[in-house]
file entry03.cif (mmCIF, C-alpha atoms)
data_start
loop_
_atom_site.group_PDB
_atom_site.id
_atom_site.type_symbol
_atom_site.label_atom_id
_atom_site.label_comp_id
_atom_site.auth_asym_id
_atom_site.auth_seq_id
_atom_site.Cartn_x
_atom_site.Cartn_y
_atom_site.Cartn_z
ATOM 1 C CA MET P 1 0.000 0.000 0.000
ATOM 2 C CA SER P 2 1.390 3.408 -1.013
ATOM 3 C CA VAL P 3 1.704 6.302 1.451
ATOM 4 C CA PHE P 4 -0.971 8.270 -0.454
ATOM 5 C CA VAL P 5 -3.537 5.452 -0.294
ATOM 6 C CA PHE P 6 -2.718 4.792 3.363
ATOM 7 C CA THR P 7 -3.162 8.488 4.230
ATOM 8 C CA LEU P 8 -6.397 8.706 2.216
ATOM 9 C CA ILE P 9 -7.902 5.695 4.027
ATOM 10 C CA ILE P 10 -6.985 7.225 7.389
ATOM 11 C CA PHE P 11 -8.476 10.605 6.380
ATOM 12 C CA ILE P 12 -11.781 9.118 5.155
ATOM 13 C CA GLY P 13 -12.065 6.814 8.166
ATOM 14 C CA SER P 14 -11.282 9.691 10.539
ATOM 15 C CA TYR P 15 -13.893 11.877 8.861
ATOM 16 C CA PHE P 16 -16.623 9.318 9.506
ATOM 17 C CA ALA P 17 -15.278 8.768 13.032
ATOM 18 C CA GLY P 18 -15.572 12.499 13.717
ATOM 19 C CA LEU P 19 -19.032 12.597 12.131
ATOM 20 C CA LEU P 20 -20.316 9.715 14.249
ATOM 21 C CA GLY P 21 -18.609 11.042 17.372
ATOM 22 C CA SER P 22 -20.126 14.492 16.895
ATOM 23 C CA LEU P 23 -23.642 13.133 16.323
ATOM 24 C CA THR P 24 -23.510 11.022 19.480
ATOM 25 C CA GLY P 25 -21.492 13.428 21.627
ATOM 26 C CA LEU P 26 -18.820 10.891 22.631
ATOM 27 C CA GLY P 27 -15.967 11.837 20.295
ATOM 28 C CA GLY P 28 -14.233 10.082 17.409
ATOM 29 C CA GLY P 29 -11.493 8.305 19.368
ATOM 30 C CA PHE P 30 -13.809 5.353 19.919
ATOM 31 C CA VAL P 31 -13.716 4.623 16.168
ATOM 32 C CA ILE P 32 -10.216 5.838 15.241
ATOM 33 C CA ILE P 33 -8.242 3.438 17.441
ATOM 34 C CA PRO P 34 -10.072 0.281 16.211
ATOM 35 C CA LEU P 35 -9.733 1.579 12.621
ATOM 36 C CA LEU P 36 -5.982 2.036 12.933
ATOM 37 C CA THR P 37 -5.255 -1.121 14.922
ATOM 38 C CA LEU P 38 -7.710 -3.632 13.417
ATOM 39 C CA VAL P 39 -7.916 -2.472 9.781
ATOM 40 C CA LEU P 40 -4.534 -0.841 9.139
ATOM 41 C CA ARG P 41 -2.517 -2.842 11.730
ATOM 42 C CA VAL P 42 -0.942 0.237 13.293
ATOM 43 C CA ASP P 43 0.747 -0.293 16.680
ATOM 44 C CA ILE P 44 -1.819 0.586 19.362
ATOM 45 C CA HIS P 45 0.526 3.083 21.065
ATOM 46 C CA TYR P 46 0.832 5.109 17.829
ATOM 47 C CA ALA P 47 -2.938 4.838 17.325
ATOM 48 C CA ILE P 48 -3.496 6.228 20.838
ATOM 49 C CA GLY P 49 -1.077 9.101 20.137
ATOM 50 C CA ALA P 50 -2.930 10.053 16.939
ATOM 51 C CA SER P 51 -6.290 9.780 18.718
ATOM 52 C CA LEU P 52 -5.138 12.136 21.486
ATOM 53 C CA VAL P 53 -4.159 14.778 18.912
ATOM 54 C CA SER P 54 -7.613 14.523 17.299
ATOM 55 C CA VAL P 55 -9.328 14.799 20.699
ATOM 56 C CA ILE P 56 -7.447 18.042 21.419
ATOM 57 C CA ALA P 57 -8.443 19.480 18.016
ATOM 58 C CA THR P 58 -12.152 18.642 18.209
ATOM 59 C CA SER P 59 -12.554 19.571 21.876
ATOM 60 C CA SER P 60 -10.929 22.967 21.397
ATOM 61 C CA GLY P 61 -13.307 23.837 18.572
ATOM 62 C CA SER P 62 -16.596 22.730 20.106
ATOM 63 C CA ALA P 63 -15.793 23.794 23.683
ATOM 64 C CA ALA P 64 -15.392 27.444 22.635
ATOM 65 C CA ALA P 65 -18.972 27.555 21.317
ATOM 66 C CA TYR P 66 -20.451 26.142 24.537
ATOM 67 C CA VAL P 67 -18.428 28.545 26.689
ATOM 68 C CA LYS P 68 -19.703 31.454 24.580
ATOM 69 C CA GLU P 69 -23.300 30.332 25.142
ATOM 70 C CA GLY P 70 -22.733 30.329 28.905
ATOM 71 C CA ILE P 71 -23.674 26.670 29.458
ATOM 72 C CA THR P 72 -20.244 25.388 30.522
ATOM 73 C CA ASN P 73 -19.363 25.643 34.214
ATOM 74 C CA ILE P 74 -15.782 26.850 33.710
ATOM 75 C CA ARG P 75 -14.935 27.045 37.415
ATOM 76 C CA LEU P 76 -16.077 23.458 38.002
ATOM 77 C CA GLY P 77 -14.274 22.258 34.873
ATOM 78 C CA MET P 78 -10.977 23.835 35.918
ATOM 79 C CA PHE P 79 -11.302 22.360 39.415
ATOM 80 C CA LEU P 80 -11.984 18.848 38.097
ATOM 81 C CA GLU P 81 -9.167 19.171 35.542
ATOM 82 C CA ILE P 82 -6.730 18.927 38.459
ATOM 83 C CA ALA P 83 -7.907 15.328 38.876
ATOM 84 C CA THR P 84 -8.206 14.436 35.177
ATOM 85 C CA THR P 85 -4.793 15.795 34.178
ATOM 86 C CA ALA P 86 -3.103 14.040 37.106
ATOM 87 C CA GLY P 87 -4.869 10.801 36.186
ATOM 88 C CA ALA P 88 -4.057 11.246 32.486
ATOM 89 C CA MET P 89 -0.350 11.640 33.233
ATOM 90 C CA VAL P 90 -0.394 8.444 35.312
ATOM 91 C CA GLY P 91 -2.323 6.564 32.607
ATOM 92 C CA ALA P 92 0.047 7.690 29.855
ATOM 93 C CA LEU P 93 3.125 6.758 31.906
ATOM 94 C CA ILE P 94 1.931 3.227 32.731
ATOM 95 C CA ALA P 95 0.558 2.579 29.213
ATOM 96 C CA VAL P 96 4.062 1.879 27.917
ATOM 97 C CA TYR P 97 4.562 -0.928 30.431
ATOM 98 C CA ILE P 98 1.175 -2.628 29.994
ATOM 99 C CA PRO P 99 0.865 -5.394 27.352
ATOM 100 C CA THR P 100 -0.886 -4.151 24.202
ATOM 101 C CA ASN P 101 -3.402 -7.011 24.247
ATOM 102 C CA PHE P 102 -4.528 -5.977 27.755
ATOM 103 C CA ILE P 103 -4.975 -2.374 26.538
ATOM 104 C CA ALA P 104 -7.083 -3.684 23.625
ATOM 105 C CA ILE P 105 -9.318 -5.716 25.974
ATOM 106 C CA LEU P 106 -9.747 -2.786 28.371
ATOM 107 C CA PHE P 107 -10.510 -0.502 25.435
ATOM 108 C CA GLY P 108 -13.225 -2.911 24.277
ATOM 109 C CA VAL P 109 -14.807 -3.022 27.748
ATOM 110 C CA ILE P 110 -14.848 0.807 27.951
ATOM 111 C CA LEU P 111 -16.368 0.924 24.450
ATOM 112 C CA ILE P 112 -19.249 -1.350 25.457
ATOM 113 C CA THR P 113 -19.797 0.645 28.670
ATOM 114 C CA SER P 114 -19.951 3.868 26.626
ATOM 115 C CA ALA P 115 -22.412 2.293 24.180
ATOM 116 C CA ILE P 116 -24.728 1.293 27.033
ATOM 117 C CA MET P 117 -24.455 4.756 28.584
ATOM 118 C CA SER P 118 -25.282 6.439 25.274
ATOM 119 C CA LEU P 119 -28.633 4.588 25.186
ATOM 120 C CA ARG P 120 -29.761 5.382 28.727
ATOM 121 C CA LYS P 121 -32.377 8.068 29.229
ATOM 122 C CA LYS P 122 -30.966 11.361 30.391
ATOM 123 C CA ALA P 123 -33.217 12.802 33.070
ATOM 124 C CA GLU P 124 -32.672 16.533 33.562
ATOM 125 C CA HIS P 125 -32.408 17.081 37.298
ATOM 126 C CA ILE P 126 -31.822 20.418 38.993
ATOM 127 C CA SER P 127 -30.287 20.060 42.438
ATOM 128 C CA ARG P 128 -30.595 22.983 44.842
ATOM 129 C CA GLU P 129 -29.312 21.131 47.894
ATOM 130 C CA LYS P 130 -26.424 23.145 49.288
ATOM 131 C CA SER P 131 -22.963 21.601 49.669
ATOM 132 C CA LYS P 132 -20.503 23.381 51.969
ATOM 133 C CA LEU P 133 -17.488 22.396 49.842
ATOM 134 C CA ALA P 134 -19.209 23.472 46.616
ATOM 135 C CA GLU P 135 -20.119 26.817 48.162
ATOM 136 C CA LYS P 136 -16.609 27.299 49.506
ATOM 137 C CA LEU P 137 -15.115 26.607 46.057
ATOM 138 C CA LYS P 138 -17.894 28.652 44.355
ATOM 139 C CA LEU P 139 -18.841 25.773 42.039
ATOM 140 C CA ASN P 140 -22.611 26.423 42.027
ATOM 141 C CA SER P 141 -23.794 28.249 38.923
ATOM 142 C CA SER P 142 -26.652 28.642 36.420
ATOM 143 C CA PHE P 143 -27.257 27.959 32.742
ATOM 144 C CA PRO P 144 -29.429 29.735 30.150
ATOM 145 C CA THR P 145 -32.775 28.293 29.028
ATOM 146 C CA ALA P 146 -35.683 29.556 26.933
ATOM 147 C CA ASN P 147 -37.368 30.662 30.167
ATOM 148 C CA GLY P 148 -34.304 32.437 31.559
ATOM 149 C CA PRO P 149 -31.280 31.366 33.652
ATOM 150 C CA VAL P 150 -31.759 28.280 35.858
ATOM 151 C CA ALA P 151 -29.622 28.030 39.011
ATOM 152 C CA TYR P 152 -28.269 24.688 40.228
ATOM 153 C CA SER P 153 -26.068 23.360 43.027
ATOM 154 C CA VAL P 154 -23.195 20.881 42.886
ATOM 155 C CA LYS P 155 -23.286 17.844 45.222
ATOM 156 C CA ASN P 156 -20.717 15.187 46.230
ATOM 157 C CA VAL P 157 -17.679 17.228 45.169
ATOM 158 C CA GLY P 158 -15.233 14.699 46.656
ATOM 159 C CA GLY P 159 -16.864 11.702 44.936
ATOM 160 C CA GLY P 160 -16.889 13.475 41.576
ATOM 161 C CA PHE P 161 -13.241 14.472 41.993
ATOM 162 C CA PHE P 162 -12.087 10.889 42.596
ATOM 163 C CA MET P 163 -14.197 9.622 39.671
ATOM 164 C CA MET P 164 -12.393 12.198 37.520
ATOM 165 C CA LEU P 165 -9.054 10.718 38.592
ATOM 166 C CA PHE P 166 -10.203 7.357 37.202
ATOM 167 C CA ALA P 167 -11.506 9.004 34.011
ATOM 168 C CA GLY P 168 -8.119 10.693 33.556
ATOM 169 C CA VAL P 169 -6.213 7.411 33.943
ATOM 170 C CA ILE P 170 -8.464 5.754 31.330
ATOM 171 C CA SER P 171 -7.985 8.728 28.997
ATOM 172 C CA GLY P 172 -4.198 8.573 29.240
ATOM 173 C CA LEU P 173 -4.138 4.794 28.978
ATOM 174 C CA LEU P 174 -6.478 4.420 25.996
ATOM 175 C CA GLY P 175 -6.127 7.744 24.150
ATOM 176 C CA ILE P 176 -9.803 8.716 24.375
ATOM 177 C CA GLY P 177 -11.392 11.753 25.954
ATOM 178 C CA SER P 178 -13.285 9.596 28.485
ATOM 179 C CA GLY P 179 -16.242 11.922 27.976
ATOM 180 C CA ALA P 180 -18.691 9.187 28.974
ATOM 181 C CA LEU P 181 -16.975 8.718 32.347
ATOM 182 C CA LYS P 182 -16.753 12.469 32.946
ATOM 183 C CA VAL P 183 -20.452 12.901 32.194
ATOM 184 C CA LEU P 184 -21.231 9.970 34.502
ATOM 185 C CA ALA P 185 -19.282 11.639 37.325
ATOM 186 C CA MET P 186 -20.981 15.008 36.915
ATOM 187 C CA ASP P 187 -24.457 13.809 35.972
ATOM 188 C CA THR P 188 -24.888 10.873 38.378
ATOM 189 C CA ILE P 189 -22.528 11.625 41.275
ATOM 190 C CA MET P 190 -22.466 15.429 41.384
ATOM 191 C CA ARG P 191 -26.096 15.798 40.221
ATOM 192 C CA ILE P 192 -25.391 18.526 37.685
ATOM 193 C CA PRO P 193 -27.959 19.193 34.889
ATOM 194 C CA PHE P 194 -27.182 16.965 31.896
ATOM 195 C CA LYS P 195 -26.675 19.853 29.474
ATOM 196 C CA VAL P 196 -24.097 21.413 31.809
ATOM 197 C CA SER P 197 -22.304 18.099 32.442
ATOM 198 C CA THR P 198 -21.919 17.318 28.722
ATOM 199 C CA THR P 199 -20.640 20.797 27.808
ATOM 200 C CA THR P 200 -18.313 20.981 30.819
ATOM 201 C CA SER P 201 -17.005 17.507 29.949
ATOM 202 C CA ASN P 202 -16.304 18.709 26.407
ATOM 203 C CA PHE P 203 -14.424 21.684 27.841
ATOM 204 C CA MET P 204 -12.250 19.340 29.955
ATOM 205 C CA ILE P 205 -11.538 16.653 27.354
ATOM 206 C CA GLY P 206 -8.972 18.676 25.398
ATOM 207 C CA VAL P 207 -6.958 19.557 28.520
ATOM 208 C CA THR P 208 -6.976 15.922 29.685
ATOM 209 C CA ALA P 209 -5.839 14.712 26.257
ATOM 210 C CA ALA P 210 -3.098 17.374 26.112
ATOM 211 C CA ALA P 211 -1.632 16.121 29.408
ATOM 212 C CA SER P 212 -1.479 12.561 28.041
ATOM 213 C CA ALA P 213 -0.182 13.693 24.651
ATOM 214 C CA VAL P 214 2.916 15.265 26.230
ATOM 215 C CA VAL P 215 3.981 11.845 27.570
ATOM 216 C CA TYR P 216 3.221 10.076 24.267
ATOM 217 C CA LEU P 217 5.175 12.774 22.388
ATOM 218 C CA GLN P 218 8.198 12.297 24.651
ATOM 219 C CA ARG P 219 7.992 8.540 24.095
ATOM 220 C CA GLY P 220 7.949 9.065 20.312
ATOM 221 C CA TYR P 221 4.429 7.673 19.846
ATOM 222 C CA ILE P 222 2.961 10.719 18.070
ATOM 223 C CA ASP P 223 3.766 10.330 14.373
ATOM 224 C CA PRO P 224 2.996 13.542 12.369
ATOM 225 C CA GLY P 225 2.286 11.519 9.226
ATOM 226 C CA LEU P 226 -0.367 9.556 11.113
ATOM 227 C CA SER P 227 -1.699 12.305 13.370
ATOM 228 C CA MET P 228 -2.216 14.925 10.633
ATOM 229 C CA PRO P 229 -4.853 13.081 8.510
ATOM 230 C CA VAL P 230 -6.534 11.815 11.691
ATOM 231 C CA ALA P 231 -6.825 15.295 13.244
ATOM 232 C CA ILE P 232 -7.999 16.978 10.013
ATOM 233 C CA GLY P 233 -10.453 14.180 9.190
ATOM 234 C CA VAL P 234 -11.983 14.094 12.662
ATOM 235 C CA LEU P 235 -12.258 17.892 12.813
ATOM 236 C CA LEU P 236 -14.046 18.095 9.442
ATOM 237 C CA GLY P 237 -16.298 15.190 10.424
ATOM 238 C CA ALA P 238 -17.174 16.851 13.721
ATOM 239 C CA LEU P 239 -18.059 20.115 11.934
ATOM 240 C CA SER P 240 -20.295 18.214 9.487
ATOM 241 C CA GLY P 241 -21.926 16.339 12.355
ATOM 242 C CA SER P 242 -22.736 19.547 14.241
ATOM 243 C CA LYS P 243 -24.494 20.959 11.139
ATOM 244 C CA ILE P 244 -26.503 17.752 10.627
ATOM 245 C CA LEU P 245 -27.477 17.651 14.294
ATOM 246 C CA VAL P 246 -29.055 21.121 14.083
ATOM 247 C CA HIS P 247 -31.520 19.875 11.451
ATOM 248 C CA THR P 248 -32.203 16.506 13.107
ATOM 249 C CA THR P 249 -35.465 16.327 15.062
ATOM 250 C CA SER P 250 -34.648 13.114 16.927
ATOM 251 C CA SER P 251 -31.261 11.740 17.912
ATOM 252 C CA GLY P 252 -32.558 8.394 19.219
ATOM 253 C CA TRP P 253 -31.675 6.497 16.038
ATOM 254 C CA LEU P 254 -28.189 8.050 16.054
ATOM 255 C CA ARG P 255 -27.477 6.600 19.476
ATOM 256 C CA TRP P 256 -28.619 3.159 18.308
ATOM 257 C CA VAL P 257 -26.318 3.383 15.267
ATOM 258 C CA PHE P 258 -23.455 4.416 17.547
ATOM 259 C CA ALA P 259 -24.199 1.580 19.992
ATOM 260 C CA ILE P 260 -24.258 -1.058 17.216
ATOM 261 C CA VAL P 261 -21.036 0.190 15.556
ATOM 262 C CA VAL P 262 -19.211 0.530 18.864
ATOM 263 C CA THR P 263 -20.335 -2.894 20.145
ATOM 264 C CA PHE P 264 -19.039 -4.524 16.952
ATOM 265 C CA LEU P 265 -15.697 -2.694 17.209
ATOM 266 C CA ALA P 266 -15.448 -3.508 20.923
ATOM 267 C CA SER P 267 -16.014 -7.215 20.335
ATOM 268 C CA GLN P 268 -13.291 -7.218 17.665
ATOM 269 C CA MET P 269 -10.852 -5.399 19.976
ATOM 270 C CA ILE P 270 -11.544 -7.815 22.847
ATOM 271 C CA TYR P 271 -11.284 -10.875 20.580
ATOM 272 C CA ASN P 272 -7.996 -9.719 18.996
ATOM 273 C CA GLY P 273 -6.697 -8.838 22.448
ATOM 274 C CA PHE P 274 -7.379 -12.324 23.772
ATOM 275 C CA ILE P 275 -5.778 -14.101 20.810
ATOM 276 C CA GLY P 276 -2.772 -11.720 20.924
ATOM 277 C CA LYS P 277 -3.172 -10.144 17.481
ATOM 278 C CA ILE P 278 -2.807 -6.591 18.837
#

call {"tool": "encode", "arguments": {"input": "entry03.cif", "output": "structure tokens"}}
result
Amino acid sequence: MSVFVFTLIIFIGSYFAGLLGSLTGLGGGFVIIPLLTLVLRVDIHYAIGASLVSVIATSSGSAAAYVKEGITNIRLGMFLEIATTAGAMVGALIAVYIPTNFIAILFGVILITSAIMSLRKKAEHISREKSKLAEKLKLNSSFPTANGPVAYSVKNVGGGFFMMLFAGVISGLLGIGSGALKVLAMDTIMRIPFKVSTTTSNFMIGVTAAASAVVYLQRGYIDPGLSMPVAIGVLLGALSGSKILVHTTSSGWLRWVFAIVVTFLASQMIYNGFIGKI
């Protein structure tokens, strides 16, 4: 296979990964790593490095729009980034010493978990129960709605912080934004409105990925020839997905498509991990 054909396949695959990731809100890294490792037989460490670069690119673009709209809780995001960046550094450091087949199996398990989470019903809950730690750190905020700003309170700050440590480790280890785990921490543990948790998670993903990417860059696992078509493809796919999403009345079918694709990819990653092909 020539370099041109190889790059073209990566670009097209990354475009559809970004498109699917944007439509479902969970990012393109879930598709990119299986594409590179299973289809193109790229070493999983280089695939993770390329995925991290694409996560930084897409997160930076979409996060700015949500911050401008006033939905993102910036203060909460910056506080939780202490945990995610620390976890991401740990995950990236230990990734080099963990067998690649174990990483593939773990990646598959996280994929299936994310697919299940993408199908669950998101109940919008507004918590007004005061937390002393949240008040001390000034984490409580409000977000705009059609009927005006809605105030909310943050609960279980400590529990959410430790969950973010785990999300950071997974991000650094697997090269994904771990958006599903971040949303789980904020939505379920900290009881933040779903719209705020998803946008704040998006704001944090790029910073978490950047912390991991530094370690992968130092280890020589970020290849410009691989990362460039991945980052450009995912970014263009994400932009296309955001435009499609505006004109889509229901996103239920999108989540089913995502769940089916991801479950298939996850099963392949787990299978290849067990037989030692990765």

call {"tool": "resolve_selection", "arguments": {"input": "entry03.cif", "expression": "the PyMOL selection byres ((chain P and resi 170) around 10)", "output": "list in words"}}
result
Thr84, Gly87, Ala88, Val90, Gly91, Ala92, Ala95, Leu106, Phe107, Ile110, Met164, Leu165, Phe166, Ala167, Gly168, Val169, Ser171, Gly172, Leu173, Leu174, Gly175, Ile176, Gly177, Ser178 and Leu181 of chain P

call {"tool": "resolve_selection", "arguments": {"input": "entry03.cif", "expression": "the PyMOL selection byres ((chain P and resi 157) around 12)", "output": "PDB file with C-alpha atoms, in the frame of the given file"}}
result
ATOM      1  CA  LEU P  76     -16.077  23.458  38.002  1.00  0.00           C
ATOM      2  CA  GLY P  77     -14.274  22.258  34.873  1.00  0.00           C
ATOM      3  CA  PHE P  79     -11.302  22.360  39.415  1.00  0.00           C
ATOM      4  CA  LEU P  80     -11.984  18.848  38.097  1.00  0.00           C
ATOM      5  CA  ALA P  83      -7.907  15.328  38.876  1.00  0.00           C
ATOM      6  CA  LYS P 130     -26.424  23.145  49.288  1.00  0.00           C
ATOM      7  CA  SER P 131     -22.963  21.601  49.669  1.00  0.00           C
ATOM      8  CA  LYS P 132     -20.503  23.381  51.969  1.00  0.00           C
ATOM      9  CA  LEU P 133     -17.488  22.396  49.842  1.00  0.00           C
ATOM     10  CA  ALA P 134     -19.209  23.472  46.616  1.00  0.00           C
ATOM     11  CA  GLU P 135     -20.119  26.817  48.162  1.00  0.00           C
ATOM     12  CA  LYS P 136     -16.609  27.299  49.506  1.00  0.00           C
ATOM     13  CA  LEU P 137     -15.115  26.607  46.057  1.00  0.00           C
ATOM     14  CA  LYS P 138     -17.894  28.652  44.355  1.00  0.00           C
ATOM     15  CA  LEU P 139     -18.841  25.773  42.039  1.00  0.00           C
ATOM     16  CA  ASN P 140     -22.611  26.423  42.027  1.00  0.00           C
ATOM     17  CA  SER P 153     -26.068  23.360  43.027  1.00  0.00           C
ATOM     18  CA  VAL P 154     -23.195  20.881  42.886  1.00  0.00           C
ATOM     19  CA  LYS P 155     -23.286  17.844  45.222  1.00  0.00           C
ATOM     20  CA  ASN P 156     -20.717  15.187  46.230  1.00  0.00           C
ATOM     21  CA  GLY P 158     -15.233  14.699  46.656  1.00  0.00           C
ATOM     22  CA  GLY P 159     -16.864  11.702  44.936  1.00  0.00           C
ATOM     23  CA  GLY P 160     -16.889  13.475  41.576  1.00  0.00           C
ATOM     24  CA  PHE P 161     -13.241  14.472  41.993  1.00  0.00           C
ATOM     25  CA  PHE P 162     -12.087  10.889  42.596  1.00  0.00           C
ATOM     26  CA  MET P 163     -14.197   9.622  39.671  1.00  0.00           C
ATOM     27  CA  MET P 164     -12.393  12.198  37.520  1.00  0.00           C
ATOM     28  CA  ALA P 185     -19.282  11.639  37.325  1.00  0.00           C
ATOM     29  CA  MET P 186     -20.981  15.008  36.915  1.00  0.00           C
ATOM     30  CA  ASP P 187     -24.457  13.809  35.972  1.00  0.00           C
ATOM     31  CA  THR P 188     -24.888  10.873  38.378  1.00  0.00           C
ATOM     32  CA  ILE P 189     -22.528  11.625  41.275  1.00  0.00           C
ATOM     33  CA  MET P 190     -22.466  15.429  41.384  1.00  0.00           C
ATOM     34  CA  ARG P 191     -26.096  15.798  40.221  1.00  0.00           C
ATOM     35  CA  ILE P 192     -25.391  18.526  37.685  1.00  0.00           C
TER      36      ILE P 192
END

call {"tool": "closest_residue", "arguments": {"input": "entry03.cif", "among": "P:Gly206, P:Pro99, P:Gly70, P:Gly276", "to": "Thr145 of chain P", "atoms": "all atoms listed in the file"}}
result
P:Gly70

call {"tool": "atom_distance", "arguments": {"input": "entry03.cif", "atom1": "atom CA of Ala211 of chain P", "atom2": "atom CA of Ile112 of chain P"}}
result
25.1 Å

call {"tool": "residues_around", "arguments": {"input": "entry03.cif", "residues": "segment 16-18 of chain P", "least_positions_apart": "5", "cutoff": "8 Å", "atoms": "all atoms listed in the file", "output": "list in words"}}
result
Gly27, Gly28, Gly29, Phe30, Val31, Ile32, Gly233, Val234, Leu235, Leu236, Gly237, Ala238 and Gly241 of chain P

call {"tool": "atom_distance", "arguments": {"input": "entry03.cif", "atom1": "atom CA of Leu226 of chain P", "atom2": "atom CA of Ile10 of chain P"}}
result
7.9 Å

call {"tool": "atom_distance", "arguments": {"input": "entry03.cif", "atom1": "atom CA of Ile71 of chain P", "atom2": "atom CA of Ile205 of chain P"}}
result
15.9 Å

call {"tool": "build_atoms", "arguments": {"input": "entry03.cif", "residues": "segment 4-19 of chain P", "atoms": "N, CA, C and O atoms", "output": "short mmCIF file (atom, residue, chain, number, x, y, z; two decimals), in the frame of the given file"}}
result
data_model
loop_
_atom_site.label_atom_id
_atom_site.label_comp_id
_atom_site.auth_asym_id
_atom_site.auth_seq_id
_atom_site.Cartn_x
_atom_site.Cartn_y
_atom_site.Cartn_z
N PHE P 4 0.21 7.47 -0.10
CA PHE P 4 -0.97 8.27 -0.45
C PHE P 4 -2.26 7.52 -0.14
O PHE P 4 -3.19 8.08 0.47
N VAL P 5 -2.34 6.26 -0.54
CA VAL P 5 -3.54 5.45 -0.29
C VAL P 5 -3.75 5.25 1.20
O VAL P 5 -4.87 5.36 1.72
N PHE P 6 -2.66 4.98 1.91
CA PHE P 6 -2.72 4.79 3.36
C PHE P 6 -3.25 6.05 4.05
O PHE P 6 -4.14 5.97 4.91
N THR P 7 -2.73 7.21 3.65
CA THR P 7 -3.16 8.49 4.23
C THR P 7 -4.61 8.78 3.89
O THR P 7 -5.38 9.27 4.73
N LEU P 8 -5.02 8.47 2.66
CA LEU P 8 -6.40 8.71 2.22
C LEU P 8 -7.38 7.85 3.01
O LEU P 8 -8.45 8.34 3.43
N ILE P 9 -7.04 6.59 3.24
CA ILE P 9 -7.90 5.70 4.03
C ILE P 9 -8.06 6.23 5.45
O ILE P 9 -9.17 6.25 6.01
N ILE P 10 -6.95 6.67 6.03
CA ILE P 10 -6.98 7.22 7.39
C ILE P 10 -7.87 8.48 7.43
O ILE P 10 -8.69 8.64 8.33
N PHE P 11 -7.71 9.35 6.42
CA PHE P 11 -8.48 10.60 6.38
C PHE P 11 -9.97 10.32 6.27
O PHE P 11 -10.78 10.89 7.02
N ILE P 12 -10.35 9.43 5.35
CA ILE P 12 -11.78 9.12 5.16
C ILE P 12 -12.36 8.45 6.40
O ILE P 12 -13.45 8.79 6.86
N GLY P 13 -11.61 7.49 6.95
CA GLY P 13 -12.06 6.81 8.17
C GLY P 13 -12.20 7.77 9.34
O GLY P 13 -13.16 7.71 10.11
N SER P 14 -11.25 8.71 9.45
CA SER P 14 -11.28 9.69 10.54
C SER P 14 -12.44 10.66 10.37
O SER P 14 -13.05 11.11 11.36
N TYR P 15 -12.76 10.99 9.12
CA TYR P 15 -13.89 11.88 8.86
C TYR P 15 -15.19 11.26 9.38
O TYR P 15 -15.97 11.91 10.09
N PHE P 16 -15.40 10.00 9.04
CA PHE P 16 -16.62 9.32 9.51
C PHE P 16 -16.60 9.08 11.01
O PHE P 16 -17.65 9.09 11.66
N ALA P 17 -15.40 8.90 11.58
CA ALA P 17 -15.28 8.77 13.03
C ALA P 17 -15.69 10.06 13.72
O ALA P 17 -16.42 10.07 14.71
N GLY P 18 -15.21 11.19 13.17
CA GLY P 18 -15.57 12.50 13.72
C GLY P 18 -17.04 12.80 13.55
O GLY P 18 -17.68 13.38 14.44
N LEU P 19 -17.61 12.40 12.40
CA LEU P 19 -19.03 12.60 12.13
C LEU P 19 -19.88 11.83 13.13
O LEU P 19 -20.80 12.39 13.76
#
